[in-house]
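This is coords.pdb (PDB, C-alpha atoms).
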ATOM      1  CA  MET A   1     166.579 212.174 162.728
ATOM      2  CA  GLY A   2     164.482 213.361 160.007
ATOM      3  CA  SER A   3     163.793 209.925 158.660
ATOM      4  CA  VAL A   4     160.343 208.548 159.321
ATOM      5  CA  ARG A   5     159.739 204.892 159.253
ATOM      6  CA  ARG A   6     156.683 203.731 157.552
ATOM      7  CA  GLN A   7     155.165 200.338 158.409
ATOM      8  CA  ALA A   8     154.339 198.243 155.444
ATOM      9  CA  SER A   9     150.723 197.228 155.416
ATOM     10  CA  SER A  10     149.539 194.068 153.783
ATOM     11  CA  GLY A  11     148.066 195.405 150.610
ATOM     12  CA  SER A  12     146.445 198.522 151.920
ATOM     13  CA  ASP A  13     147.514 202.126 151.809
ATOM     14  CA  GLY A  14     145.516 203.243 154.798
ATOM     15  CA  ASP A  15     146.269 203.609 158.455
ATOM     16  CA  PRO A  16     148.085 200.449 159.655
ATOM     17  CA  ARG A  17     146.027 200.375 162.901
ATOM     18  CA  LEU A  18     142.756 200.061 160.985
ATOM     19  CA  GLY A  19     143.882 197.261 158.708
ATOM     20  CA  GLY A  20     143.004 197.000 155.099
ATOM     21  CA  VAL A  21     140.180 195.612 153.031
ATOM     22  CA  ALA A  22     142.053 192.314 152.584
ATOM     23  CA  ASP A  23     142.470 191.969 156.352
ATOM     24  CA  ASP A  24     138.764 192.584 156.886
ATOM     25  CA  GLU A  25     137.940 190.017 154.219
ATOM     26  CA  ARG A  26     140.233 187.399 155.806
ATOM     27  CA  LYS A  27     138.786 188.133 159.234
ATOM     28  CA  ARG A  28     135.239 187.801 157.909
ATOM     29  CA  LYS A  29     136.073 184.521 156.141
ATOM     30  CA  ARG A  30     137.730 183.149 159.270
ATOM     31  CA  MET A  31     134.698 184.076 161.400
ATOM     32  CA  GLU A  32     132.386 182.489 158.852
ATOM     33  CA  SER A  33     134.549 179.360 158.767
ATOM     34  CA  ASN A  34     134.595 179.219 162.578
ATOM     35  CA  ARG A  35     130.816 179.581 162.695
ATOM     36  CA  GLU A  36     130.400 176.792 160.144
ATOM     37  CA  SER A  37     132.826 174.587 162.068
ATOM     38  CA  ALA A  38     130.941 175.278 165.317
ATOM     39  CA  ARG A  39     127.644 174.480 163.566
ATOM     40  CA  ARG A  40     129.033 171.169 162.267
ATOM     41  CA  SER A  41     130.389 170.390 165.727
ATOM     42  CA  ARG A  42     126.980 171.080 167.326
ATOM     43  CA  MET A  43     125.259 168.906 164.717
ATOM     44  CA  ARG A  44     127.784 166.102 165.290
ATOM     45  CA  ARG A  45     127.272 166.282 169.064
ATOM     46  CA  GLN A  46     123.497 166.309 168.622
ATOM     47  CA  LYS A  47     123.689 163.243 166.363
ATOM     48  CA  GLN A  48     125.949 161.478 168.875
ATOM     49  CA  LEU A  49     123.488 162.340 171.649
ATOM     50  CA  GLY A  50     120.602 160.972 169.582
ATOM     51  CA  ASP A  51     122.554 157.788 168.877
ATOM     52  CA  LEU A  52     123.350 157.381 172.572
ATOM     53  CA  VAL A  53     119.728 157.971 173.573
ATOM     54  CA  GLY A  54     118.661 155.301 171.070
ATOM     55  CA  GLU A  55     121.280 152.910 172.397
ATOM     56  CA  VAL A  56     120.108 153.566 175.961
ATOM     57  CA  GLY A  57     116.564 152.670 174.910
ATOM     58  CA  GLN A  58     117.723 149.441 173.290
ATOM     59  CA  LEU A  59     119.851 148.514 176.306
ATOM     60  CA  GLN A  60     116.967 149.227 178.696
ATOM     61  CA  GLN A  61     114.695 147.017 176.615
ATOM     62  CA  ALA A  62     117.292 144.220 176.521
ATOM     63  CA  ASN A  63     117.818 144.631 180.269
ATOM     64  CA  ALA A  64     114.062 144.379 180.902
ATOM     65  CA  GLN A  65     113.930 141.185 178.834
ATOM     66  CA  LEU A  66     116.850 139.726 180.771
ATOM     67  CA  VAL A  67     115.240 140.625 184.100
ATOM     68  CA  ALA A  68     111.962 139.041 182.977
ATOM     69  CA  GLY A  69     113.843 135.895 181.918
ATOM     70  CA  ILE A  70     115.688 135.746 185.223
ATOM     71  CA  ASN A  71     112.439 136.189 187.153
ATOM     72  CA  ALA A  72     110.747 133.453 185.104
ATOM     73  CA  ALA A  73     113.707 131.109 185.655
ATOM     74  CA  ALA A  74     113.715 131.871 189.387
ATOM     75  CA  GLN A  75     109.996 131.167 189.586
ATOM     76  CA  LYS A  76     110.419 127.919 187.637
ATOM     77  CA  TYR A  77     113.309 126.965 189.913
ATOM     78  CA  ALA A  78     111.155 127.572 192.998
ATOM     79  CA  GLU A  79     108.379 125.424 191.508
ATOM     80  CA  VAL A  80     110.780 122.598 190.639
ATOM     81  CA  GLU A  81     112.429 122.815 194.050
ATOM     82  CA  SER A  82     109.022 122.607 195.727
ATOM     83  CA  ALA A  83     108.044 119.615 193.597
ATOM     84  CA  ASN A  84     111.416 118.020 194.394
ATOM     85  CA  ASN A  85     110.807 118.472 198.112
ATOM     86  CA  VAL A  86     107.404 116.800 197.756
ATOM     87  CA  LEU A  87     109.002 113.908 195.866
ATOM     88  CA  ARG A  88     111.694 113.531 198.540
ATOM     89  CA  ALA A  89     109.030 113.386 201.250
ATOM     90  CA  GLN A  90     107.068 110.808 199.249
ATOM     91  CA  ALA A  91     110.225 108.734 198.704
ATOM     92  CA  MET A  92     110.939 108.770 202.441
ATOM     93  CA  GLU A  93     107.349 107.763 203.193
ATOM     94  CA  LEU A  94     107.437 104.941 200.643
ATOM     95  CA  THR A  95     110.778 103.750 202.007
ATOM     96  CA  ASP A  96     109.280 103.608 205.496
ATOM     97  CA  ARG A  97     106.297 101.658 204.150
ATOM     98  CA  LEU A  98     108.599  99.238 202.360
ATOM     99  CA  ARG A  99     110.589  98.686 205.539
ATOM    100  CA  SER A 100     107.361  97.979 207.399
ATOM    101  CA  LEU A 101     106.249  95.521 204.720
ATOM    102  CA  ASN A 102     109.651  93.833 204.749
ATOM    103  CA  SER A 103     109.434  93.420 208.508
ATOM    104  CA  VAL A 104     105.969  91.816 208.054
ATOM    105  CA  LEU A 105     107.483  89.493 205.424
ATOM    106  CA  GLU A 106     110.327  88.593 207.795
ATOM    107  CA  ILE A 107     107.796  87.759 210.512
ATOM    108  CA  ALA A 108     105.729  85.708 208.015
ATOM    109  CA  GLU A 109     108.905  83.895 206.913
ATOM    110  CA  ALA A 110     109.825  83.074 210.503
ATOM    111  CA  VAL A 111     106.306  81.893 211.374
ATOM    112  CA  SER A 112     105.587  79.896 208.232
ATOM    113  CA  GLY A 113     109.019  78.438 207.763
ATOM    114  CA  LEU A 114     108.894  79.265 204.064
ATOM    115  CA  VAL A 115     111.781  81.007 202.356
ATOM    116  CA  ILE A 116     110.627  84.391 201.110
ATOM    117  CA  ASP A 117     112.833  86.524 198.880
ATOM    118  CA  ILE A 118     112.900  89.882 200.642
ATOM    119  CA  PRO A 119     114.612  92.541 198.505
ATOM    120  CA  GLU A 120     117.100  94.853 200.086
ATOM    121  CA  ILE A 121     115.916  98.427 200.461
ATOM    122  CA  PRO A 122     118.306 100.839 198.783
ATOM    123  CA  ASP A 123     119.226 103.904 200.798
ATOM    124  CA  PRO A 124     118.805 106.935 198.500
ATOM    125  CA  LEU A 125     120.716 109.144 200.917
ATOM    126  CA  MET A 126     123.829 106.984 200.705
ATOM    127  CA  LYS A 127     124.035 107.028 196.887
ATOM    128  CA  PRO A 128     121.854 109.887 195.641
ATOM    129  CA  TRP A 129     123.313 109.724 192.104
ATOM    130  CA  GLN A 130     121.905 106.211 191.591
ATOM    131  CA  ILE A 131     118.269 105.757 190.699
ATOM    132  CA  PRO A 132     116.732 103.338 193.251
ATOM    133  CA  CYS A 133     114.388 101.693 190.727
ATOM    134  CA  PRO A 134     116.034 101.860 187.288
ATOM    135  CA  ILE A 135     113.481  99.485 185.743
ATOM    136  CA  GLN A 136     110.632 101.968 185.900
ATOM    137  CA  PRO A 137     110.572 104.595 183.125
ATOM    138  CA  ILE A 138     110.555 108.237 184.090
ATOM    139  CA  MET A 139     107.662 110.091 182.500
ATOM    140  CA  VAL A 140     108.030 113.790 181.733
ATOM    141  CA  SER A 141     105.380 116.049 180.298
ATOM    142  CA  ALA A 142     106.265 118.683 177.694
ATOM    143  CA  ASP A 143     104.485 121.479 179.566
ATOM    144  CA  LEU A 144     106.960 121.084 182.449
ATOM    145  CA  PHE A 145     109.551 123.043 180.482
ATOM    146  CA  GLU A 146     107.320 125.765 179.058
ATOM    147  CA  CYS A 147     107.482 129.219 180.534
TER     148      CYS A 147
END

Would you kindly transcribe this structure into structure tokens?
Amino acid sequence: MGSVRRQASSGSDGDPRLGGVADDERKRKRMESNRESARRSRMRRQKQLGDLVGEVGQLQQANAQLVAGINAAAQKYAEVESANNVLRAQAMELTDRLRSLNSVLEIAEAVSGLVIDIPEIPDPLMKPWQIPCPIQPIMVSADLFEC
């Protein structure tokens, strides 16, 4: 029982609980490496945050442009729809006038005994895809499509 076991230290002859100079050096290097790694990680996160903030700014700007375009298109649509409603009302009024004139022509034909060619009135509600008067050119101004 007289034998005493001695723990082998890693390169130091001192007390094994205190560690040696090499252990302290490794510990210091590891701490320094960890600090450097943490610093790089913080810098990387900060750069990513900056990139994301820049991307948010660009996306907000693109979104604002899209919203402005949508609003302009909606306004233009409302204007065209209003003009279309006016044109529909005018077409109905002109159709009524034409019917009245045709009835006057029919009366004149009956009274005079002459044969008068009375054109048939097309019904735009029955075939809305057909232009009632294809002979007349449709005039469009360039400023109609400008925003």

Notebook entry, point to check: So how many Å separate atom CA of A:Ile118 and atom CA of A:Asn102, to one decimal?
Noted result: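 According to the coordinates, atom CA of A:Ile118 and atom CA of A:Asn102 are separated by 6.6 Å.
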
Checklist line | Distance of atom CA of A:Arg45 from atom CA of A:Ala62, expressed in Å to one decimal place | finding: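 We find that atom CA of A:Ala62 and atom CA of A:Arg45 lie 25.3 Å from each other.
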
Checklist line | Gap from atom CA of A:Asp117 to atom CA of A:Gln90 - Å, one decimal | finding: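 That distance, rounded to one decimal, is 25.0 Å.
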
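Proximity ranking of A:Ile121, A:Ala38, A:Leu52, A:Ala73 relative to A:Thr95 places A:Ile121 first, based on all atoms listed in the file.
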
Margin query: My list of candidates is A:Arg26, A:Pro119, A:Met92, A:Leu87. Which is closest to A:Leu105 when distances are computed with all atoms listed in the file?
Written below: A:Pro119
